[in-house]
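S.K.: Dropping the structure in here first, questions after.
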2 protein chains.
Amino acid sequence: MWQVLIPSPRASTDAGGKMRRSLIVTSTVDAPRQSTSPARALVCRGCGAEFPLAAQHACYECFGPLEVAYDPAALAAVTREQIEAGPQNIWRYAALLPTGQDPATRVTLDPGLTPLVSAAALAAEVGLRAPLWVKDDSANPTHSFKDRVVSVALTAARELGFTRFACASTGNLANSVAAHAARAGVPSIVFIPGDLEQGKVITTAVYGGELVAIDGSYDDVNRLCGELVETDEFEDTAFVNVNVRPFYAEGSKTLGYEVAEQLGWRIPAQVVVPMASGELLTKIDKAFSELVEIGLVEAPEGGWTVFGAQSAGCNPIATALHNGTDQIIPVKPTGIAKSLNIGDPAAGSYAIEAVTRTGGWMDYADDDEIRDAIQLLARTTGVFAETAGGVTVAVLKKLVASGKLDPDKETVVYNTGEGLKTLDAVAGQVGPTHRIKPSLRGARDAGLLG
Amino acid sequence: MWQVLIPSPRASTDAGGKMRRSLIVTSTVDAPRQSTSPARALVCRGCGAEFPLAAQHACYECFGPLEVAYDPAALAAVTREQIEAGPQNIWRYAALLPTGQDPATRVTLDPGLTPLVSAAALAAEVGLRAPLWVKDDSANPTHSFKDRVVSVALTAARELGFTRFACASTGNLANSVAAHAARAGVPSIVFIPGDLEQGKVITTAVYGGELVAIDGSYDDVNRLCGELVETDEFEDTAFVNVNVRPFYAEGSKTLGYEVAEQLGWRIPAQVVVPMASGELLTKIDKAFSELVEIGLVEAPEGGWTVFGAQSAGCNPIATALHNGTDQIIPVKPTGIAKSLNIGDPAAGSYAIEAVTRTGGWMDYADDDEIRDAIQLLARTTGVFAETAGGVTVAVLKKLVASGKLDPDKETVVYNTGEGLKTLDAVAGQVGPTHRIKPSLRGARDAGLLG
């Protein structure tokens with residue numbers, strides 16, 4: 001606990017009419033974390049205003065989104081040896097995260113250090129000549145990259161004094177928050193769109209927390225959570241992607257750190273990242289920048305290039321880039337890649353900035369391309385991805401075909417979720433190749449014996 | 001390659017009318033494996049006859065099942081430090097396995113080192129006072145413990161010269177073999193009962209190999225595979241649980257090694273293990289025995305005790321034990337725990353031997369108890385298990401209630417698979433707790449605002 005919060009994690013002070021401070025910080029105390037966290041402040045991505053490390057997600061000056069800022073000296077003190085001696089999960093990077101330095105304070109399923117799979121057969125099929133890797137985050141405890149951000153968000157939330165955990169979710173986040181809460185023995189309340197895949201509904205409900213299905217889109221869910229967080233009844237509640245969002249977002253940096261470490265402390269020349277809010281892409285880029293700044297890796301020759309992938313049913317970020325602007329026009333999402341269906345992406349303009357700055361590009365894939373790419377990835381690598389992974393592999397293929405991605409440069413493609421959660425996407429495409437009677441004659445009739 | 005196999009992995013020599021040698025071993029060559037594998041021979045569990053390390057699964061003398069035997073001196077040379085310096089997967093125990101010592105020869109998704117989850121809340125609910133742990137093997141690459149046995153079996157199979165991978169499966173094994181084959185770029189043909197859960201069918205089919213649905217039970221599937229393996233058309237085919245079964249079975253030992261290492265090189269006083277063929281239970285017991293024999297751990301005071309769990313719909317091993325015999329009477333399986341539905345369990349009598357020798361017991365749970373236990377485990381630990389895990393937790397509860405399991409001794413319960421694969425089991429039990437309109441009024445009407 002690095003700040004004593006009284007009387008509650010939420011206060012009634014208005015700031016600018018609509019904006020209310022989520023916390024009154026009345027005092028600070030010396031605590032182990034204080035001396036070990038490298039985080040320094042929350043900084044507005046818009047105007048640069050600084051705020052204390054608390055449950056606040058928007059700037060009181062300009063309403064811009066906040067991001068965790070670090071003490072450069074603290075980051076610079078981190079060594080490869082220190083990281084390599086750490087646990088086999090995201091907490092090996094605790095010295096680069098805003099919270100969780102003390103293992104006893106963590107609210108976590110210990111996600112991370114997921115496989116970086118060499119994908120030579122996939123490279124050959126899509127036309128890459130340089131090494132291709134799949135960072136397979138379906139290997140996390142609830143089988144998506146969300147376990148990373150939830151572990152960081154909820155660890156911060158408990159330190160901040162919150163006693164209930166919540167989120168607005170397209171599914172994977174719901175699974176993760178509910179599972180984390182069950183492990184920690186903390187009540188949870190999770191908000192999802194009413195039309196989610198059954199796999200994601202059941203896999204959240206089974207943990208026994210409250211699960212609220214909302215008659216609307218993810219953007220409706222998110223909007224409602226933004227209102228609920230300001231009510232008295234939710235003053236004890238940390239919404240991982242609302243009031244503790246700055247901490248939450250930092251968890252995604254570990255997907256950058258890990259790839260660099262797993263490549264032997266090298267940054268790949270090219271990465272292809274799926275986009276929902278766009279935040280994951282920006283944080284992978286941020287992780288690479290940090291590693292170079294603090295001297296843990298050298299930048300690759302010519303720097304790294306970041307590519308973004310969306311589905312055709314929800315492509316507001318890619319569309320803006322294609323139109324030469326960073327002004328995102330919200331869309332009403334459609335299509336099977338539901339975990340990416342954020343029509344009003346909070347970090348879209350930052351994703352465009354990162355992609356533009358690094359010389360990358362964005363593209364999108366339709367449902368048929370997504371289904372084909374799920375099968376392509378499975379067949380060539382043994383990795384069964386959810387629809388978001390299909391989006392990313394389909395876009396990889398397009399980027400090679402269009403010449404936007406250099407086929408002679410090492411590339412990492414991120415799979416952020418598990419195929420078992422979106423079985424319906426491929427249920428009509430694949431199945432038994434033969435059905436036979438249980439006899440040699442049955443096998444012979446089916447052509448299995450020549 | 002430690003044996004040169006000519007002309008093919010299968011021969012036509014009959015042995016005892018029905019039994020045919022699966023291999024003609026014509027010569028042996030010096031190879032890296034030869035000097036580093038601790039395996040010495042295949043030994044008949046019935047009569048003790050010894051055979052070379054080849055693709056043979058039954059004794060030519062008595063038709064008994066074969067097991068890998070090791071060079072005691074080779075095992076005794078293994079140190080904790082050597083293991084701890086190894087990779088973060090089952091191959092850290094390569095010096096205790098029959099194959100895979102050379103990383104370049106492995107056919108593997110690198111399974112293992114899955115979480116050992118502290119389960120204090122679950123312990124309290126079932127009435128245990130001593131520490132309780134859940135060994136969560138849903139964290140493996142295809143989300144079941146089968147990745148362990150498949151990695152060992154297919155690594156041996158490729159060394160033996162097989163060019164196609166196959167299995168008879170209740171589902172999880174199918175997923176794993178198909179995924180391993182896809183990763184390795186080797187053709188696969190997988191045989192499953194026609195009534196498998198959709199999740200397991202799609203998750204096998206998506207990898208693009210041949211998938212044969214058989215109109216019959218798992219025991220029918222297994223019988224047919226035993227016939228196919230003797231045909232000319234399948235002479236190049238390794239059935240992981242038929243002709244390379246002795247290697248396959250050894251992979252399960254890693255579930256014993258890991259628990260001991262994760263407990264700080266201690267063997268738990270009690271383990272509860274799900275039973276299908278019964279082999280997993282015997283191999284965990286074997287792993288503990290080996291660790292003590294070679295001096296890597298000390299046996300706990302009073303030794304360890306092994307408990308077995310089946311479902312009421314398929315309980316031939318537990319029934320035999322309850323009847324005071326080790327003669328298994330095959331049953332026709334029913335019930336939702338399909339991954340355990342082996343009506344004629346190959347290692348049943350050996351499981352009874354291990355349980356009896358260690359002072360343990362077996363019990364079984366019906367479908368309602370399984371469903372409740374899946375939810376109990378999820379709610380108290382954040383681990384979402386498939387039906388087999390529900391069986392094991394339900395039986396744990398019964399064993400405590402009946403006094404068979406000592407509530408004051410440290411206990412490990414094994415979850416061998418992932419809840420996402422058997423969603424139907426709980427689909428009727430859990431779901432959203434509220435459905436609301438996307439507004440504060442909707443939230444208020446649903447009672448979420450007091």
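Ordered as shown in the structure tokens, chains take letters A, B, and onward, while each chain numbers its residues from 1 and ligands are numbered from 1 in the order shown.
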Please provide as a list in words all residues within 9 Å of B:Asp367, with the sequence filter that same-chain residues fewer than 5 positions apart are discarded (counting only C-alpha atoms).
M.R.: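 My list of contacting residues is Ser311, Ala312, Gly313, Gly335, Ile336, Ala337, Asp372, Thr387, Val391 and Ala425 of chain B.
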S.K.: Give me, as a list in words, all polymer residues having an atom no more than 7 Å from A:Val331, counting only C-alpha atoms and skipping those fewer than 3 positions away in the same chain.
M.R.: Cys314, Pro316, Gly343 and Asp344 of chain A
S.K.: For A:Val201, please output as a ChimeraX atom specification all residues within 9 Å (counting only C-alpha atoms; exclusion window: fewer than 4 positions along the same chain).
M.R.: /A:171,174-175,192,196-197,205-206,211 /B:430-432
S.K.: Set the distance at 9 Å and use only C-alpha atoms: which residues neighbour A:Ala378 once local chain neighbours fewer than 4 positions away are removed? I'd like the list as a VMD selection string.
M.R.: (chain A and resid 373 to 374 382 to 385) or (chain B and resid 179 182 to 183 206 to 208)
S.K.: Limited to N, CA and C atoms, could you put the picked residues into a file as a tab-separated table (two decimals), in the first residue's frame?
M.R.:
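Below you can see out07.tsv, which holds the result:
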```tsv
chain	number	residue	atom	x	y	z
A	373	ALA	N	-7.39	-18.48	-41.84
A	373	ALA	CA	-6.11	-18.22	-41.15
A	373	ALA	C	-6.01	-19.01	-39.85
A	374	ILE	N	-7.13	-19.21	-39.16
A	374	ILE	CA	-7.11	-20.06	-37.96
A	374	ILE	C	-6.62	-21.46	-38.34
A	382	GLY	N	0.62	-26.04	-35.03
A	382	GLY	CA	0.06	-26.71	-33.86
A	382	GLY	C	-0.54	-25.76	-32.86
A	383	VAL	N	-0.69	-24.49	-33.23
A	383	VAL	CA	-1.31	-23.49	-32.35
A	383	VAL	C	-2.74	-23.24	-32.82
A	384	PHE	N	-3.71	-23.47	-31.93
A	384	PHE	CA	-5.11	-23.26	-32.26
A	384	PHE	C	-5.54	-21.94	-31.64
A	385	ALA	N	-5.73	-20.95	-32.50
A	385	ALA	CA	-6.02	-19.59	-32.04
A	385	ALA	C	-7.50	-19.29	-32.07
B	179	ALA	N	-1.97	-31.94	-32.81
B	179	ALA	CA	-1.19	-30.71	-32.67
B	179	ALA	C	0.31	-30.99	-32.75
B	182	ALA	N	1.17	-31.58	-36.36
B	182	ALA	CA	1.17	-30.33	-37.13
B	182	ALA	C	2.46	-29.56	-36.87
B	183	ARG	N	2.86	-29.45	-35.61
B	183	ARG	CA	4.08	-28.73	-35.27
B	183	ARG	C	5.29	-29.38	-35.94
B	206	VAL	N	-9.00	-29.23	-36.53
B	206	VAL	CA	-8.47	-27.96	-37.01
B	206	VAL	C	-7.00	-28.07	-37.43
B	207	TYR	N	-6.29	-29.06	-36.91
B	207	TYR	CA	-4.86	-29.20	-37.25
B	207	TYR	C	-4.63	-29.83	-38.61
B	208	GLY	N	-5.73	-30.30	-39.23
B	208	GLY	CA	-5.62	-30.68	-40.63
B	208	GLY	C	-5.22	-32.12	-40.91
```
S.K.: Could you tell me which of B:Gly199, B:Gly264, B:Gly447, B:Gly112 comes closest to B:Thr422 if we count only C-alpha atoms?
M.R.: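 So, comparing all the options, the nearest one is B:Gly199.
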S.K.: Hey, what does DSSP flag as strand (DSSP E or B) within stretch 91-301 of chain A? Can you give it to me as a ChimeraX atom specification?
M.R.: /A:116-118,132-136,144,164-168,188-193,210-214,237-239,270-274
S.K.: Smallest atom-to-atom distance to A:Arg379: which of B:Ala346, B:Val190, B:Cys59, B:Ala181, using only C-alpha atoms?
M.R.: B:Ala181
S.K.: Do you know which residues are at most 9 Å from B:Val117 counting only C-alpha atoms, after dropping those on the same chain fewer than 5 positions away, and could you put them as a PyMOL selection string?
M.R.: chain B and resi 132-136+381+383
S.K.: Can I get the selection written as a short mmCIF file (atom, residue, chain, number, x, y, z; two decimals), in the first residue's frame, with N, CA and C atoms?
M.R.:
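File produced: part23.cif:
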```
data_model
loop_
_atom_site.label_atom_id
_atom_site.label_comp_id
_atom_site.auth_asym_id
_atom_site.auth_seq_id
_atom_site.Cartn_x
_atom_site.Cartn_y
_atom_site.Cartn_z
N LEU B 132 -3.46 -28.16 0.82
CA LEU B 132 -3.99 -28.84 -0.36
C LEU B 132 -3.49 -28.11 -1.60
N TRP B 133 -3.08 -28.86 -2.60
CA TRP B 133 -2.58 -28.30 -3.85
C TRP B 133 -3.33 -28.91 -5.02
N VAL B 134 -3.54 -28.09 -6.05
CA VAL B 134 -4.09 -28.59 -7.30
C VAL B 134 -2.97 -28.54 -8.34
N LYS B 135 -2.61 -29.69 -8.86
CA LYS B 135 -1.65 -29.73 -9.97
C LYS B 135 -2.47 -29.55 -11.25
N ASP B 136 -2.30 -28.37 -11.87
CA ASP B 136 -3.23 -27.97 -12.93
C ASP B 136 -2.65 -28.21 -14.32
N THR B 381 -10.53 -21.84 -6.53
CA THR B 381 -9.12 -21.80 -6.96
C THR B 381 -8.89 -21.02 -8.24
N VAL B 383 -9.37 -22.36 -11.09
CA VAL B 383 -9.02 -23.39 -12.08
C VAL B 383 -10.31 -23.98 -12.64
#
```
S.K.: Find the residues near stretch 61-68 of chain B: any atom within 8 Å, counting only C-alpha atoms, skip ones fewer than 3 places away on the same chain, and give them as a list in words.
M.R.: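 The residues that qualify are Met19, Ala39, Arg40, Ala41, Leu42, Val43, Cys44, Arg45, Gly46, Cys47, Ala49, Leu53, Gln56, His57, Ala58, Pro98, Pro246, Phe247 and Glu250 of chain B.
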S.K.: Quick one: residues within 10 Å of stretch 285-298 of chain B, only C-alpha atoms, excluding same-chain residues fewer than 3 positions away - as a PyMOL selection string?
M.R.: chain B and resi 72-80+96+250+252-261+264-268+271+279-282+301+303-306+351+354-355+358
S.K.: Next, write the just-selected residues to a file, as a compact mmCIF listing (two decimals), in the first residue's frame, keeping N, CA, C and O atoms as the atom set.
M.R.:
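And here's again-v4.txt as it stands now:
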```txt
# COMPACT_ATOMS: atom_id res chain seq x y z
N PRO B 72 19.98 -48.51 -13.38
CA PRO B 72 19.96 -47.84 -12.07
C PRO B 72 21.11 -46.86 -11.89
O PRO B 72 20.94 -45.79 -11.30
N ALA B 73 22.27 -47.21 -12.43
CA ALA B 73 23.42 -46.32 -12.27
C ALA B 73 23.20 -45.01 -13.03
O ALA B 73 23.57 -43.93 -12.55
N ALA B 74 22.56 -45.11 -14.20
CA ALA B 74 22.30 -43.89 -14.97
C ALA B 74 21.33 -42.98 -14.23
O ALA B 74 21.51 -41.77 -14.15
N LEU B 75 20.30 -43.58 -13.66
CA LEU B 75 19.33 -42.77 -12.90
C LEU B 75 19.99 -42.15 -11.67
O LEU B 75 19.77 -41.00 -11.33
N ALA B 76 20.81 -42.96 -11.00
CA ALA B 76 21.41 -42.51 -9.75
C ALA B 76 22.36 -41.34 -9.96
O ALA B 76 22.66 -40.59 -9.03
N ALA B 77 22.82 -41.17 -11.22
CA ALA B 77 23.74 -40.07 -11.50
C ALA B 77 23.04 -38.72 -11.65
O ALA B 77 23.68 -37.67 -11.67
N VAL B 78 21.72 -38.75 -11.73
CA VAL B 78 20.97 -37.51 -11.94
C VAL B 78 20.94 -36.68 -10.66
O VAL B 78 20.73 -37.23 -9.57
N THR B 79 21.15 -35.39 -10.80
CA THR B 79 21.15 -34.50 -9.62
C THR B 79 20.03 -33.47 -9.71
O THR B 79 19.53 -33.19 -10.80
N ARG B 80 19.67 -32.94 -8.56
CA ARG B 80 18.69 -31.85 -8.53
C ARG B 80 19.17 -30.67 -9.36
O ARG B 80 18.41 -30.05 -10.09
N LEU B 96 15.67 -38.86 -16.88
CA LEU B 96 14.87 -39.90 -16.23
C LEU B 96 13.83 -40.49 -17.18
O LEU B 96 12.95 -41.24 -16.77
N GLU B 250 5.60 -43.67 -20.01
CA GLU B 250 6.65 -43.06 -19.17
C GLU B 250 6.48 -41.55 -19.04
O GLU B 250 6.94 -40.95 -18.07
N SER B 252 4.01 -39.91 -18.25
CA SER B 252 3.21 -39.56 -17.07
C SER B 252 4.05 -39.43 -15.80
O SER B 252 3.61 -38.80 -14.84
N LYS B 253 5.22 -40.02 -15.81
CA LYS B 253 6.08 -39.90 -14.62
C LYS B 253 6.37 -38.43 -14.30
O LYS B 253 6.55 -38.08 -13.13
N THR B 254 6.39 -37.61 -15.34
CA THR B 254 6.75 -36.21 -15.10
C THR B 254 5.74 -35.51 -14.18
O THR B 254 6.09 -34.53 -13.53
N LEU B 255 4.51 -36.03 -14.12
CA LEU B 255 3.53 -35.44 -13.20
C LEU B 255 3.87 -35.75 -11.74
O LEU B 255 3.40 -35.06 -10.82
N GLY B 256 4.65 -36.79 -11.52
CA GLY B 256 5.16 -37.06 -10.18
C GLY B 256 6.40 -36.24 -9.88
O GLY B 256 6.52 -35.60 -8.84
N TYR B 257 7.33 -36.24 -10.83
CA TYR B 257 8.58 -35.48 -10.64
C TYR B 257 8.29 -34.01 -10.35
O TYR B 257 8.87 -33.40 -9.46
N GLU B 258 7.40 -33.43 -11.17
CA GLU B 258 7.15 -31.99 -11.05
C GLU B 258 6.56 -31.61 -9.70
O GLU B 258 6.96 -30.61 -9.10
N VAL B 259 5.60 -32.40 -9.25
CA VAL B 259 5.00 -32.09 -7.95
C VAL B 259 6.07 -32.12 -6.85
O VAL B 259 6.14 -31.22 -6.01
N ALA B 260 6.91 -33.13 -6.90
CA ALA B 260 7.96 -33.22 -5.89
C ALA B 260 8.91 -32.02 -5.98
O ALA B 260 9.23 -31.39 -4.96
N GLU B 261 9.32 -31.67 -7.18
CA GLU B 261 10.23 -30.53 -7.33
C GLU B 261 9.55 -29.23 -6.90
O GLU B 261 10.14 -28.40 -6.21
N GLY B 264 9.50 -28.27 -3.40
CA GLY B 264 10.84 -28.11 -2.82
C GLY B 264 11.50 -29.45 -2.57
O GLY B 264 12.10 -29.67 -1.52
N TRP B 265 11.34 -30.35 -3.54
CA TRP B 265 11.90 -31.70 -3.45
C TRP B 265 11.34 -32.46 -2.24
O TRP B 265 12.07 -32.92 -1.38
N ARG B 266 10.02 -32.50 -2.19
CA ARG B 266 9.29 -33.29 -1.19
C ARG B 266 8.19 -34.06 -1.90
O ARG B 266 7.59 -33.55 -2.85
N ILE B 267 7.89 -35.25 -1.41
CA ILE B 267 6.75 -36.01 -1.92
C ILE B 267 5.57 -35.74 -1.00
O ILE B 267 5.71 -35.81 0.22
N PRO B 268 4.39 -35.40 -1.55
CA PRO B 268 3.25 -35.13 -0.67
C PRO B 268 2.79 -36.42 0.00
O PRO B 268 2.98 -37.51 -0.54
N VAL B 271 -1.91 -38.22 -2.62
CA VAL B 271 -2.28 -37.71 -3.94
C VAL B 271 -3.59 -38.36 -4.37
O VAL B 271 -3.87 -39.51 -4.06
N GLU B 279 -3.20 -45.98 -15.78
CA GLU B 279 -1.75 -45.87 -15.97
C GLU B 279 -1.17 -44.61 -15.33
O GLU B 279 -0.06 -44.64 -14.78
N LEU B 280 -1.88 -43.50 -15.45
CA LEU B 280 -1.37 -42.25 -14.87
C LEU B 280 -1.06 -42.44 -13.38
O LEU B 280 0.00 -42.03 -12.89
N LEU B 281 -1.98 -43.06 -12.68
CA LEU B 281 -1.79 -43.29 -11.24
C LEU B 281 -0.54 -44.14 -10.98
O LEU B 281 0.28 -43.81 -10.11
N THR B 282 -0.38 -45.20 -11.75
CA THR B 282 0.79 -46.06 -11.49
C THR B 282 2.09 -45.33 -11.78
O THR B 282 3.10 -45.58 -11.13
N GLU B 301 7.42 -39.10 6.01
CA GLU B 301 7.24 -40.01 7.16
C GLU B 301 5.97 -40.82 6.95
O GLU B 301 4.91 -40.25 6.69
N GLY B 303 5.57 -42.74 4.45
CA GLY B 303 5.38 -42.97 3.01
C GLY B 303 4.30 -42.09 2.42
O GLY B 303 3.74 -41.23 3.10
N TRP B 304 4.03 -42.30 1.13
CA TRP B 304 2.95 -41.56 0.49
C TRP B 304 1.79 -42.50 0.22
O TRP B 304 1.97 -43.72 0.16
N THR B 305 0.63 -41.92 0.08
CA THR B 305 -0.58 -42.71 -0.15
C THR B 305 -1.26 -42.23 -1.42
O THR B 305 -1.44 -41.03 -1.61
N VAL B 306 -1.63 -43.19 -2.27
CA VAL B 306 -2.20 -42.89 -3.58
C VAL B 306 -3.68 -43.24 -3.59
O VAL B 306 -4.08 -44.34 -3.22
N ALA B 351 -2.97 -50.29 -10.96
CA ALA B 351 -3.45 -49.17 -10.14
C ALA B 351 -3.91 -49.68 -8.77
O ALA B 351 -3.62 -49.08 -7.73
N ALA B 354 -0.91 -50.37 -6.63
CA ALA B 354 -0.27 -49.17 -6.08
C ALA B 354 -1.09 -48.57 -4.94
O ALA B 354 -0.56 -48.15 -3.91
N VAL B 355 -2.39 -48.53 -5.12
CA VAL B 355 -3.26 -47.97 -4.10
C VAL B 355 -3.24 -48.84 -2.84
O VAL B 355 -3.14 -48.34 -1.72
N THR B 358 0.12 -48.62 -0.90
CA THR B 358 0.40 -47.36 -0.21
C THR B 358 -0.67 -47.01 0.83
O THR B 358 -0.61 -45.94 1.43
```
S.K.: Could you pull out the alpha helix (DSSP H) residues of stretch 128-176 of chain B, going by DSSP on the backbone, and write them as a ChimeraX atom specification?
M.R.: /B:146-159,172-176
S.K.: To one decimal place, how far is atom CA of B:Pro38 from atom CA of B:Gln101 in Å?
M.R.: 9.4 Å
S.K.: Do you have the atom CA of B:Ile202-atom CA of B:Leu113 distance handy?
M.R.: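 Atom CA of B:Leu113 lies 26.3 Å from atom CA of B:Ile202.
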S.K.: Which value, in Å to one decimal, gives the distance between atom CA of B:Asp232 and atom CA of A:Lys437?
M.R.: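 Taking atom CA of B:Asp232 as the start and atom CA of A:Lys437 as the end point, the length is 19.9 Å.
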S.K.: Using only C-alpha atoms, pick whichever of B:Leu376, B:Ala85, B:Val400, B:Ile342 has the shortest atom-to-atom distance to chain A.
M.R.: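 Of the candidates, the smallest distance to chain A is held by B:Leu376.
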S.K.: When you count only C-alpha atoms, which of these residues is closest to chain B: A:Thr163, A:Thr416, A:Asn222, A:Gln262?
M.R.: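 The closest residue to chain B is A:Asn222.
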